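Enquirer: Take this structure first; my questions come after.
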Amino acid sequence: MSKQTTPSDTAEPSSGDLTGTPLEGKAPPAEPPPWKPSPAQVHRFKTVEELADAAARRFVETAKRAVEKNNRFVVVLSGGTTPAPLYRLLADAPYRDQVPWDRSFFVFGDERCVPPDDEASNYRMVHDTLLAPLEIPDQRVLRMKGEQVPADAARRYQVRLGDLFLNQPRRHFDLVLLGIGADGHTASLFPGTAALKESERWVVANEVPQLGVWRLTLTLPALNSARRVIFMAAGEAKAQAVAEAFGGVEHDPPHPCERVAPFHARRDVLIELEAASRIPAPRRAEKDPRSAKTADGAEEKP
């Protein structure tokens, strides 16, 4: 069973504490934006393997484009079980040879408050499936230090993100990979938690009462800085949240995952069939009962 780190100091940093100040530059608000974001593109796949392959192709495409434009690629990685097949694909041929790894930087979307070698650690999963096989240097991996006091770890990660974007004209992630929880959470932005209200800082320690734990997580301002977002979901347990967030099923309030909606950024939702099982079938246009088709296809009015 994982050992949970608990905060010994949960006080917010003072306004004079540099490590607690937000990143410079404008960030989208945490509240649902006043504009209408680009609609999410939902793609369904028969198996998790097909889903992972589709995500890998998009990963390669986005990485190449970012390096061509900015000479580097900054990606936010997701933890959990769903992205593991994607990471294994990327670490092996043919995708291994298609990504400019020497120009890539890796950020984490969230982390459990456990040591990096703990089985529950997001870093451990990503390290074992992607970073170690590719021999990615540590200096290009921004690990969230879940073994530290959560509030302190969040402040330090805020500083590391500031360093990552130092001298950059704009502070954007090129790609953000995210999962979708059964309750609609993404990263460690759980329904009803304080992190959802954060409008300035890009990373916080977030108490999750429903799980009885603390997590480190990027916030909505950070995730909404993305140039491209790819959600991945598999399993019937996610089906209702997926249907509500991206399938048009009415619900209130909005799920955390659907509040990740960068302006002018592409959002792909890659789901296998079980996760897509509760998305309503498209409605067919109703036929005018006053008209009928003749044998040659012409309309015949009664």
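Identifiers in the structure tokens: chain A, B, ... in order shown; residue index from 1 per chain; ligand index from 1 in order shown.
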Using only C-alpha atoms, determine which residues lie at most 6 Å from stretch 242-247 of chain A, disregarding the query and same-chain residues fewer than 2 positions distant; provide the list as a ChimeraX atom specification.
Expert: /A:239-240,249,258,278-279
Enquirer: Once you have the residues from the selection above, write them out as a CSV table (one decimal), in the first residue's frame, restricted to C-alpha atoms.
Expert:
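selection.csv, written as the output of this step:
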```csv
chain,number,residue,atom,x,y,z
A,239,ALA,CA,-18.5,5.9,-20.2
A,240,GLN,CA,-20.9,8.2,-18.4
A,249,VAL,CA,-25.4,14.3,-22.6
A,258,GLU,CA,-14.3,19.6,-20.2
A,278,ARG,CA,-23.0,5.8,-23.5
A,279,ILE,CA,-22.6,8.5,-26.2
```
Enquirer: Stretch 134-146 of chain A: which residues within 7 Å, counting only C-alpha atoms, same-chain residues fewer than 5 positions away excluded, as a tab-separated table (two decimals) with C-alpha atoms, in the first residue's frame?
Expert:
```
chain	number	residue	atom	x	y	z
A	91	ALA	CA	9.78	4.01	-27.04
A	105	PHE	CA	11.10	18.45	-22.69
A	106	PHE	CA	8.78	16.50	-20.40
A	107	VAL	CA	6.39	17.99	-17.85
A	108	PHE	CA	3.99	16.08	-15.60
A	111	GLU	CA	1.58	13.37	-9.28
A	112	ARG	CA	0.58	11.34	-6.27
A	113	CYS	CA	2.28	12.31	-3.02
A	114	VAL	CA	4.51	9.26	-2.89
A	115	PRO	CA	8.23	8.62	-3.55
A	123	TYR	CA	6.79	9.28	-12.61
A	153	ALA	CA	6.79	20.71	-3.92
A	157	TYR	CA	7.62	23.05	-9.51
```
Enquirer: Could you list, as a ChimeraX atom specification, every residue within 8 Å of stretch 220-233 of chain A, counting only C-alpha atoms and ignoring same-chain residues fewer than 6 positions away?
Expert: /A:27-30,51,55,82-83,171-180,196,198-203,259-272,275
Enquirer: For the residues in the current selection, export N, CA and C atoms as a CSV table (one decimal), in the first residue's frame.
Expert:
```
chain,number,residue,atom,x,y,z
A,27,ALA,N,-2.5,34.2,-18.8
A,27,ALA,CA,-3.0,32.8,-18.7
A,27,ALA,C,-4.5,32.9,-18.8
A,28,PRO,N,-5.2,31.9,-19.5
A,28,PRO,CA,-6.6,31.9,-19.5
A,28,PRO,C,-7.2,31.7,-18.1
A,29,PRO,N,-8.4,32.3,-17.9
A,29,PRO,CA,-9.0,32.2,-16.5
A,29,PRO,C,-9.4,30.8,-16.2
A,30,ALA,N,-9.4,30.5,-14.9
A,30,ALA,CA,-9.8,29.1,-14.5
A,30,ALA,C,-11.3,28.9,-14.7
A,51,LEU,N,-6.2,2.7,-30.1
A,51,LEU,CA,-6.2,4.0,-29.5
A,51,LEU,C,-4.8,4.5,-29.3
A,55,ALA,N,-2.9,7.8,-30.9
A,55,ALA,CA,-2.3,8.8,-30.1
A,55,ALA,C,-0.8,9.0,-30.4
A,82,THR,N,-4.1,4.1,-18.7
A,82,THR,CA,-4.4,4.3,-20.1
A,82,THR,C,-3.3,4.7,-21.0
A,83,PRO,N,-2.4,5.7,-20.6
A,83,PRO,CA,-1.4,6.1,-21.5
A,83,PRO,C,-0.2,5.1,-21.6
A,171,ARG,N,4.4,31.4,-23.4
A,171,ARG,CA,4.4,30.3,-22.5
A,171,ARG,C,3.3,29.3,-22.8
A,172,HIS,N,3.6,28.4,-23.7
A,172,HIS,CA,2.6,27.4,-24.1
A,172,HIS,C,3.2,26.0,-24.0
A,173,PHE,N,2.4,25.0,-23.7
A,173,PHE,CA,2.8,23.6,-23.9
A,173,PHE,C,2.4,23.2,-25.3
A,174,ASP,N,3.3,22.5,-26.0
A,174,ASP,CA,2.9,22.1,-27.3
A,174,ASP,C,1.9,21.0,-27.4
A,175,LEU,N,1.9,20.1,-26.4
A,175,LEU,CA,1.0,19.0,-26.3
A,175,LEU,C,0.7,18.7,-24.9
A,176,VAL,N,-0.6,18.5,-24.5
A,176,VAL,CA,-1.0,18.0,-23.2
A,176,VAL,C,-1.7,16.7,-23.3
A,177,LEU,N,-1.2,15.7,-22.7
A,177,LEU,CA,-1.9,14.4,-22.7
A,177,LEU,C,-2.6,14.3,-21.4
A,178,LEU,N,-3.9,13.9,-21.5
A,178,LEU,CA,-4.7,13.8,-20.3
A,178,LEU,C,-5.6,12.6,-20.3
A,179,GLY,N,-6.0,12.1,-19.1
A,179,GLY,CA,-6.9,11.1,-19.0
A,179,GLY,C,-8.3,11.6,-18.5
A,180,ILE,N,-9.3,10.8,-18.4
A,180,ILE,CA,-10.6,11.2,-17.9
A,180,ILE,C,-11.0,10.2,-16.8
A,196,LEU,N,-9.5,23.8,-8.7
A,196,LEU,CA,-10.4,24.2,-9.8
A,196,LEU,C,-10.6,25.7,-9.8
A,198,GLU,N,-8.3,27.9,-8.9
A,198,GLU,CA,-7.0,28.7,-9.1
A,198,GLU,C,-7.0,29.4,-10.5
A,199,SER,N,-6.7,30.6,-10.4
A,199,SER,CA,-6.7,31.4,-11.7
A,199,SER,C,-5.4,32.0,-12.1
A,200,GLU,N,-4.3,31.8,-11.2
A,200,GLU,CA,-3.0,32.4,-11.6
A,200,GLU,C,-1.9,31.3,-11.6
A,201,ARG,N,-1.7,30.6,-10.5
A,201,ARG,CA,-0.6,29.7,-10.4
A,201,ARG,C,-0.9,28.5,-11.4
A,202,TRP,N,0.2,28.0,-11.9
A,202,TRP,CA,0.2,26.9,-12.9
A,202,TRP,C,0.3,25.5,-12.2
A,203,VAL,N,0.7,25.4,-10.9
A,203,VAL,CA,0.8,24.2,-10.2
A,203,VAL,C,0.4,24.4,-8.8
A,259,ARG,N,-13.5,21.5,-18.9
A,259,ARG,CA,-13.0,22.8,-18.6
A,259,ARG,C,-11.6,23.0,-19.2
A,260,VAL,N,-11.0,22.0,-19.6
A,260,VAL,CA,-9.7,22.1,-20.3
A,260,VAL,C,-10.1,22.4,-21.8
A,261,ALA,N,-10.1,23.6,-22.1
A,261,ALA,CA,-10.6,24.0,-23.4
A,261,ALA,C,-9.9,25.3,-23.9
A,262,PRO,N,-8.6,25.1,-24.3
A,262,PRO,CA,-7.8,26.2,-24.8
A,262,PRO,C,-8.4,26.8,-26.0
A,263,PHE,N,-8.3,28.2,-26.1
A,263,PHE,CA,-8.8,28.9,-27.2
A,263,PHE,C,-7.9,28.7,-28.4
A,264,HIS,N,-8.5,28.3,-29.5
A,264,HIS,CA,-7.8,28.1,-30.8
A,264,HIS,C,-6.8,26.9,-30.7
A,265,ALA,N,-7.1,26.0,-29.9
A,265,ALA,CA,-6.3,24.8,-29.8
A,265,ALA,C,-7.1,23.6,-30.2
A,266,ARG,N,-6.5,22.6,-30.7
A,266,ARG,CA,-7.2,21.4,-31.1
A,266,ARG,C,-7.3,20.4,-29.9
A,267,ARG,N,-8.5,19.9,-29.7
A,267,ARG,CA,-8.8,18.9,-28.6
A,267,ARG,C,-9.2,17.6,-29.3
A,268,ASP,N,-8.5,16.6,-29.1
A,268,ASP,CA,-8.8,15.2,-29.6
A,268,ASP,C,-9.2,14.4,-28.4
A,269,VAL,N,-10.3,13.7,-28.5
A,269,VAL,CA,-10.8,12.8,-27.5
A,269,VAL,C,-10.7,11.4,-28.1
A,270,LEU,N,-9.7,10.6,-27.6
A,270,LEU,CA,-9.5,9.2,-28.2
A,270,LEU,C,-10.1,8.2,-27.2
A,271,ILE,N,-11.1,7.5,-27.5
A,271,ILE,CA,-11.8,6.6,-26.6
A,271,ILE,C,-12.0,5.2,-27.3
A,272,GLU,N,-11.9,4.2,-26.5
A,272,GLU,CA,-12.2,2.8,-27.0
A,272,GLU,C,-13.7,2.6,-26.8
A,275,ALA,N,-15.6,2.9,-23.4
A,275,ALA,CA,-15.7,4.2,-22.9
A,275,ALA,C,-16.7,5.1,-23.7
```
Enquirer: Excluding A:Gly184 and residues on its chain fewer than 5 positions from it, collect all residues at most 7 Å away from it, counting only C-alpha atoms, and give them as a list of chain:residue names.
Expert: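 Those residues are A:Ala241, A:His255, A:Pro256, A:Cys257.
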Enquirer: Mind writing the picked residues with N, CA and C atoms as a PDB file, in the first residue's frame?
Expert:
```
ATOM      1  N   ALA A 241     -19.057   9.676 -17.784  1.00  0.00           N
ATOM      2  CA  ALA A 241     -18.347  10.958 -17.769  1.00  0.00           C
ATOM      3  C   ALA A 241     -17.983  11.390 -19.185  1.00  0.00           C
ATOM      4  N   HIS A 255     -17.874  19.001 -15.983  1.00  0.00           N
ATOM      5  CA  HIS A 255     -16.806  18.164 -15.439  1.00  0.00           C
ATOM      6  C   HIS A 255     -15.465  18.905 -15.559  1.00  0.00           C
ATOM      7  N   PRO A 256     -14.539  18.642 -14.648  1.00  0.00           N
ATOM      8  CA  PRO A 256     -13.210  19.260 -14.778  1.00  0.00           C
ATOM      9  C   PRO A 256     -12.566  19.027 -16.136  1.00  0.00           C
ATOM     10  N   CYS A 257     -12.718  17.837 -16.694  1.00  0.00           N
ATOM     11  CA  CYS A 257     -12.054  17.548 -17.969  1.00  0.00           C
ATOM     12  C   CYS A 257     -12.543  18.447 -19.098  1.00  0.00           C
TER      13      CYS A 257
END
```
Enquirer: Could you go through stretch 93-176 of chain A and tell me which residues DSSP, when run on the backbone, assigns to strand (DSSP E or B), listing them as JSON, numbers by chain?
Expert: {"A": [104, 105, 106, 107, 108, 110, 111, 112, 141, 142, 175, 176]}
Enquirer: Can those selected residues be exported to a file as a PDB file, in the first residue's frame so that it contains N, CA and C atoms?
Expert:
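Here's the written file out10.pdb:
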```
ATOM      1  N   SER A 104      13.177  17.536 -26.981  1.00  0.00           N
ATOM      2  CA  SER A 104      11.920  17.373 -26.244  1.00  0.00           C
ATOM      3  C   SER A 104      12.123  17.589 -24.752  1.00  0.00           C
ATOM      4  N   PHE A 105      11.115  18.219 -24.126  1.00  0.00           N
ATOM      5  CA  PHE A 105      11.104  18.451 -22.687  1.00  0.00           C
ATOM      6  C   PHE A 105       9.810  17.884 -22.122  1.00  0.00           C
ATOM      7  N   PHE A 106       9.902  17.262 -20.951  1.00  0.00           N
ATOM      8  CA  PHE A 106       8.780  16.497 -20.402  1.00  0.00           C
ATOM      9  C   PHE A 106       8.317  17.081 -19.070  1.00  0.00           C
ATOM     10  N   VAL A 107       7.045  17.438 -19.033  1.00  0.00           N
ATOM     11  CA  VAL A 107       6.389  17.992 -17.849  1.00  0.00           C
ATOM     12  C   VAL A 107       5.342  16.984 -17.398  1.00  0.00           C
ATOM     13  N   PHE A 108       5.026  16.979 -16.107  1.00  0.00           N
ATOM     14  CA  PHE A 108       3.994  16.076 -15.598  1.00  0.00           C
ATOM     15  C   PHE A 108       2.728  16.854 -15.280  1.00  0.00           C
ATOM     16  N   ASP A 110       0.289  15.763 -13.276  1.00  0.00           N
ATOM     17  CA  ASP A 110      -0.024  15.620 -11.856  1.00  0.00           C
ATOM     18  C   ASP A 110       0.836  14.511 -11.271  1.00  0.00           C
ATOM     19  N   GLU A 111       0.814  14.415  -9.955  1.00  0.00           N
ATOM     20  CA  GLU A 111       1.577  13.371  -9.283  1.00  0.00           C
ATOM     21  C   GLU A 111       0.931  13.047  -7.944  1.00  0.00           C
ATOM     22  N   ARG A 112       1.001  11.768  -7.601  1.00  0.00           N
ATOM     23  CA  ARG A 112       0.579  11.341  -6.273  1.00  0.00           C
ATOM     24  C   ARG A 112       1.684  11.684  -5.272  1.00  0.00           C
ATOM     25  N   VAL A 141      13.639  16.388 -17.979  1.00  0.00           N
ATOM     26  CA  VAL A 141      12.440  15.815 -17.350  1.00  0.00           C
ATOM     27  C   VAL A 141      12.127  16.606 -16.090  1.00  0.00           C
ATOM     28  N   LEU A 142      10.978  17.260 -16.053  1.00  0.00           N
ATOM     29  CA  LEU A 142      10.560  18.026 -14.890  1.00  0.00           C
ATOM     30  C   LEU A 142       9.681  17.128 -14.027  1.00  0.00           C
ATOM     31  N   LEU A 175       1.928  20.141 -26.383  1.00  0.00           N
ATOM     32  CA  LEU A 175       0.975  19.041 -26.316  1.00  0.00           C
ATOM     33  C   LEU A 175       0.711  18.702 -24.858  1.00  0.00           C
ATOM     34  N   VAL A 176      -0.557  18.500 -24.535  1.00  0.00           N
ATOM     35  CA  VAL A 176      -0.951  18.050 -23.204  1.00  0.00           C
ATOM     36  C   VAL A 176      -1.700  16.733 -23.348  1.00  0.00           C
TER      37      VAL A 176
END
```
Enquirer: Report, in Å to a single decimal, how far apart atom CA of A:Glu61 and atom CA of A:Leu90 are.
Expert: 12.3 Å
Enquirer: For the atom pair atom CA of A:Gly192 and atom CA of A:Ser121, what is the interatomic distance in Å to one decimal place?
Expert: 23.5 Å
Enquirer: Separation of atom CA of A:Arg155 and atom CA of A:Pro209, in Å?
Expert: 21.3 Å
Enquirer: When distances are computed from only C-alpha atoms, which of A:Leu211, A:Leu273, A:Val67, A:Ala93 shows the smallest separation from A:Val42?
Expert: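 Distance minimum relative to A:Val42 lands on A:Leu273.
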Enquirer: Write out as a list in words which residues come within 6 Å of A:Pro150 when counting only C-alpha atoms, dropping same-chain ones fewer than 2 positions away.
Expert: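 Counting only the stated atoms, we get Pro7, Gln148, Asp152, Ala153 and Ala205 of chain A.
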Enquirer: Write out, as a compact mmCIF listing (two decimals), in the first residue's frame, the residues just selected, with N, CA and C atoms.
Expert:
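Wrote it out as selection16.txt, contents follow:
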```
# COMPACT_ATOMS: atom_id res chain seq x y z
N PRO A 7 0.74 17.15 4.11
CA PRO A 7 1.38 18.45 4.23
C PRO A 7 1.53 18.86 5.68
N GLN A 148 8.03 15.13 -1.30
CA GLN A 148 8.19 16.33 -0.49
C GLN A 148 6.86 16.79 0.09
N ASP A 152 5.26 22.70 -0.54
CA ASP A 152 6.62 23.05 -0.94
C ASP A 152 6.94 22.52 -2.33
N ALA A 153 6.53 21.30 -2.60
CA ALA A 153 6.79 20.71 -3.92
C ALA A 153 6.10 21.49 -5.02
N ALA A 205 -0.72 22.28 -4.77
CA ALA A 205 -1.02 21.09 -3.99
C ALA A 205 -2.52 21.08 -3.78
```
Enquirer: Return as a VMD selection string the full set of residues in stretch 50-259 of chain A whose backbone-based DSSP assignment is helix (DSSP H, G or I).
Expert: chain A and resid 50 to 70 84 to 90 95 to 97 101 to 103 122 to 134 138 to 140 150 to 164 194 to 197 220 to 223 236 to 246 256 to 259
Enquirer: Mind writing the picked residues with C-alpha atoms as a PDB file, in the first residue's frame?
Expert:
```
ATOM      1  CA  GLU A  50      -5.654   1.021 -31.727  1.00  0.00           C
ATOM      2  CA  LEU A  51      -6.244   4.019 -29.467  1.00  0.00           C
ATOM      3  CA  ALA A  52      -2.581   4.058 -28.452  1.00  0.00           C
ATOM      4  CA  ASP A  53      -1.434   3.864 -32.066  1.00  0.00           C
ATOM      5  CA  ALA A  54      -3.656   6.821 -33.012  1.00  0.00           C
ATOM      6  CA  ALA A  55      -2.263   8.811 -30.081  1.00  0.00           C
ATOM      7  CA  ALA A  56       1.303   7.933 -31.109  1.00  0.00           C
ATOM      8  CA  ARG A  57       0.755   9.240 -34.629  1.00  0.00           C
ATOM      9  CA  ARG A  58      -0.592  12.512 -33.245  1.00  0.00           C
ATOM     10  CA  PHE A  59       2.307  12.734 -30.781  1.00  0.00           C
ATOM     11  CA  VAL A  60       4.858  12.388 -33.597  1.00  0.00           C
ATOM     12  CA  GLU A  61       3.061  14.909 -35.794  1.00  0.00           C
ATOM     13  CA  THR A  62       2.847  17.497 -32.995  1.00  0.00           C
ATOM     14  CA  ALA A  63       6.463  17.013 -31.917  1.00  0.00           C
ATOM     15  CA  LYS A  64       7.817  17.486 -35.436  1.00  0.00           C
ATOM     16  CA  ARG A  65       5.729  20.594 -36.017  1.00  0.00           C
ATOM     17  CA  ALA A  66       6.802  22.138 -32.693  1.00  0.00           C
ATOM     18  CA  VAL A  67      10.498  21.580 -33.373  1.00  0.00           C
ATOM     19  CA  GLU A  68      10.204  22.962 -36.891  1.00  0.00           C
ATOM     20  CA  LYS A  69       8.543  26.094 -35.556  1.00  0.00           C
ATOM     21  CA  ASN A  70      10.239  26.669 -32.170  1.00  0.00           C
ATOM     22  CA  ALA A  84       1.098   3.272 -20.743  1.00  0.00           C
ATOM     23  CA  PRO A  85       0.563   1.492 -24.115  1.00  0.00           C
ATOM     24  CA  LEU A  86       1.179   4.819 -25.864  1.00  0.00           C
ATOM     25  CA  TYR A  87       4.485   5.318 -24.060  1.00  0.00           C
ATOM     26  CA  ARG A  88       5.609   1.800 -24.922  1.00  0.00           C
ATOM     27  CA  LEU A  89       4.826   2.399 -28.588  1.00  0.00           C
ATOM     28  CA  LEU A  90       6.751   5.675 -28.606  1.00  0.00           C
ATOM     29  CA  TYR A  95       7.824   5.743 -33.611  1.00  0.00           C
ATOM     30  CA  ARG A  96      11.049   5.853 -31.599  1.00  0.00           C
ATOM     31  CA  ASP A  97      12.919   7.033 -34.667  1.00  0.00           C
ATOM     32  CA  TRP A 101      13.737  13.375 -28.574  1.00  0.00           C
ATOM     33  CA  ASP A 102      16.884  15.493 -28.275  1.00  0.00           C
ATOM     34  CA  ARG A 103      14.717  18.624 -28.529  1.00  0.00           C
ATOM     35  CA  ASN A 122       3.102   8.572 -12.130  1.00  0.00           C
ATOM     36  CA  TYR A 123       6.785   9.278 -12.614  1.00  0.00           C
ATOM     37  CA  ARG A 124       7.695   5.633 -12.071  1.00  0.00           C
ATOM     38  CA  MET A 125       5.231   4.470 -14.732  1.00  0.00           C
ATOM     39  CA  VAL A 126       6.434   7.060 -17.253  1.00  0.00           C
ATOM     40  CA  HIS A 127      10.078   6.366 -16.416  1.00  0.00           C
ATOM     41  CA  ASP A 128       9.718   2.611 -16.889  1.00  0.00           C
ATOM     42  CA  THR A 129       7.704   2.776 -20.119  1.00  0.00           C
ATOM     43  CA  LEU A 130       9.145   5.844 -21.884  1.00  0.00           C
ATOM     44  CA  LEU A 131      11.987   7.787 -20.295  1.00  0.00           C
ATOM     45  CA  ALA A 132      14.334   4.937 -19.384  1.00  0.00           C
ATOM     46  CA  PRO A 133      13.985   3.010 -22.677  1.00  0.00           C
ATOM     47  CA  LEU A 134      14.737   6.234 -24.570  1.00  0.00           C
ATOM     48  CA  ASP A 138      17.188  13.987 -16.321  1.00  0.00           C
ATOM     49  CA  GLN A 139      17.688  17.678 -17.108  1.00  0.00           C
ATOM     50  CA  ARG A 140      14.914  17.513 -19.702  1.00  0.00           C
ATOM     51  CA  PRO A 150       2.972  19.014  -1.080  1.00  0.00           C
ATOM     52  CA  ALA A 151       2.829  22.799  -0.696  1.00  0.00           C
ATOM     53  CA  ASP A 152       6.621  23.048  -0.936  1.00  0.00           C
ATOM     54  CA  ALA A 153       6.788  20.707  -3.915  1.00  0.00           C
ATOM     55  CA  ALA A 154       4.155  22.747  -5.758  1.00  0.00           C
ATOM     56  CA  ARG A 155       6.064  26.003  -5.173  1.00  0.00           C
ATOM     57  CA  ARG A 156       9.294  24.464  -6.410  1.00  0.00           C
ATOM     58  CA  TYR A 157       7.620  23.050  -9.510  1.00  0.00           C
ATOM     59  CA  GLN A 158       6.188  26.503 -10.231  1.00  0.00           C
ATOM     60  CA  VAL A 159       9.744  27.838 -10.283  1.00  0.00           C
ATOM     61  CA  ARG A 160      10.920  25.018 -12.566  1.00  0.00           C
ATOM     62  CA  LEU A 161       8.144  25.812 -15.031  1.00  0.00           C
ATOM     63  CA  GLY A 162       9.205  29.449 -14.967  1.00  0.00           C
ATOM     64  CA  ASP A 163      12.759  28.401 -15.802  1.00  0.00           C
ATOM     65  CA  LEU A 164      11.518  26.168 -18.621  1.00  0.00           C
ATOM     66  CA  ALA A 194      -9.896  23.962  -4.469  1.00  0.00           C
ATOM     67  CA  ALA A 195      -7.494  23.645  -7.415  1.00  0.00           C
ATOM     68  CA  LEU A 196     -10.367  24.206  -9.837  1.00  0.00           C
ATOM     69  CA  LYS A 197     -10.674  27.776  -8.521  1.00  0.00           C
ATOM     70  CA  LEU A 220      -6.606  25.088 -15.548  1.00  0.00           C
ATOM     71  CA  PRO A 221      -4.509  28.168 -16.461  1.00  0.00           C
ATOM     72  CA  ALA A 222      -1.596  25.838 -17.196  1.00  0.00           C
ATOM     73  CA  LEU A 223      -3.554  23.217 -19.120  1.00  0.00           C
ATOM     74  CA  GLU A 236     -16.897   1.194 -19.227  1.00  0.00           C
ATOM     75  CA  ALA A 237     -16.332   2.968 -15.894  1.00  0.00           C
ATOM     76  CA  LYS A 238     -15.472   6.147 -17.822  1.00  0.00           C
ATOM     77  CA  ALA A 239     -18.460   5.925 -20.174  1.00  0.00           C
ATOM     78  CA  GLN A 240     -20.896   8.211 -18.360  1.00  0.00           C
ATOM     79  CA  ALA A 241     -18.347  10.958 -17.769  1.00  0.00           C
ATOM     80  CA  VAL A 242     -17.204  10.768 -21.399  1.00  0.00           C
ATOM     81  CA  ALA A 243     -20.796  10.948 -22.651  1.00  0.00           C
ATOM     82  CA  GLU A 244     -21.516  13.986 -20.504  1.00  0.00           C
ATOM     83  CA  ALA A 245     -18.270  15.837 -21.145  1.00  0.00           C
ATOM     84  CA  PHE A 246     -17.900  15.145 -24.871  1.00  0.00           C
ATOM     85  CA  PRO A 256     -13.210  19.260 -14.778  1.00  0.00           C
ATOM     86  CA  CYS A 257     -12.054  17.548 -17.969  1.00  0.00           C
ATOM     87  CA  GLU A 258     -14.314  19.621 -20.206  1.00  0.00           C
ATOM     88  CA  ARG A 259     -13.006  22.825 -18.633  1.00  0.00           C
TER      89      ARG A 259
END
```
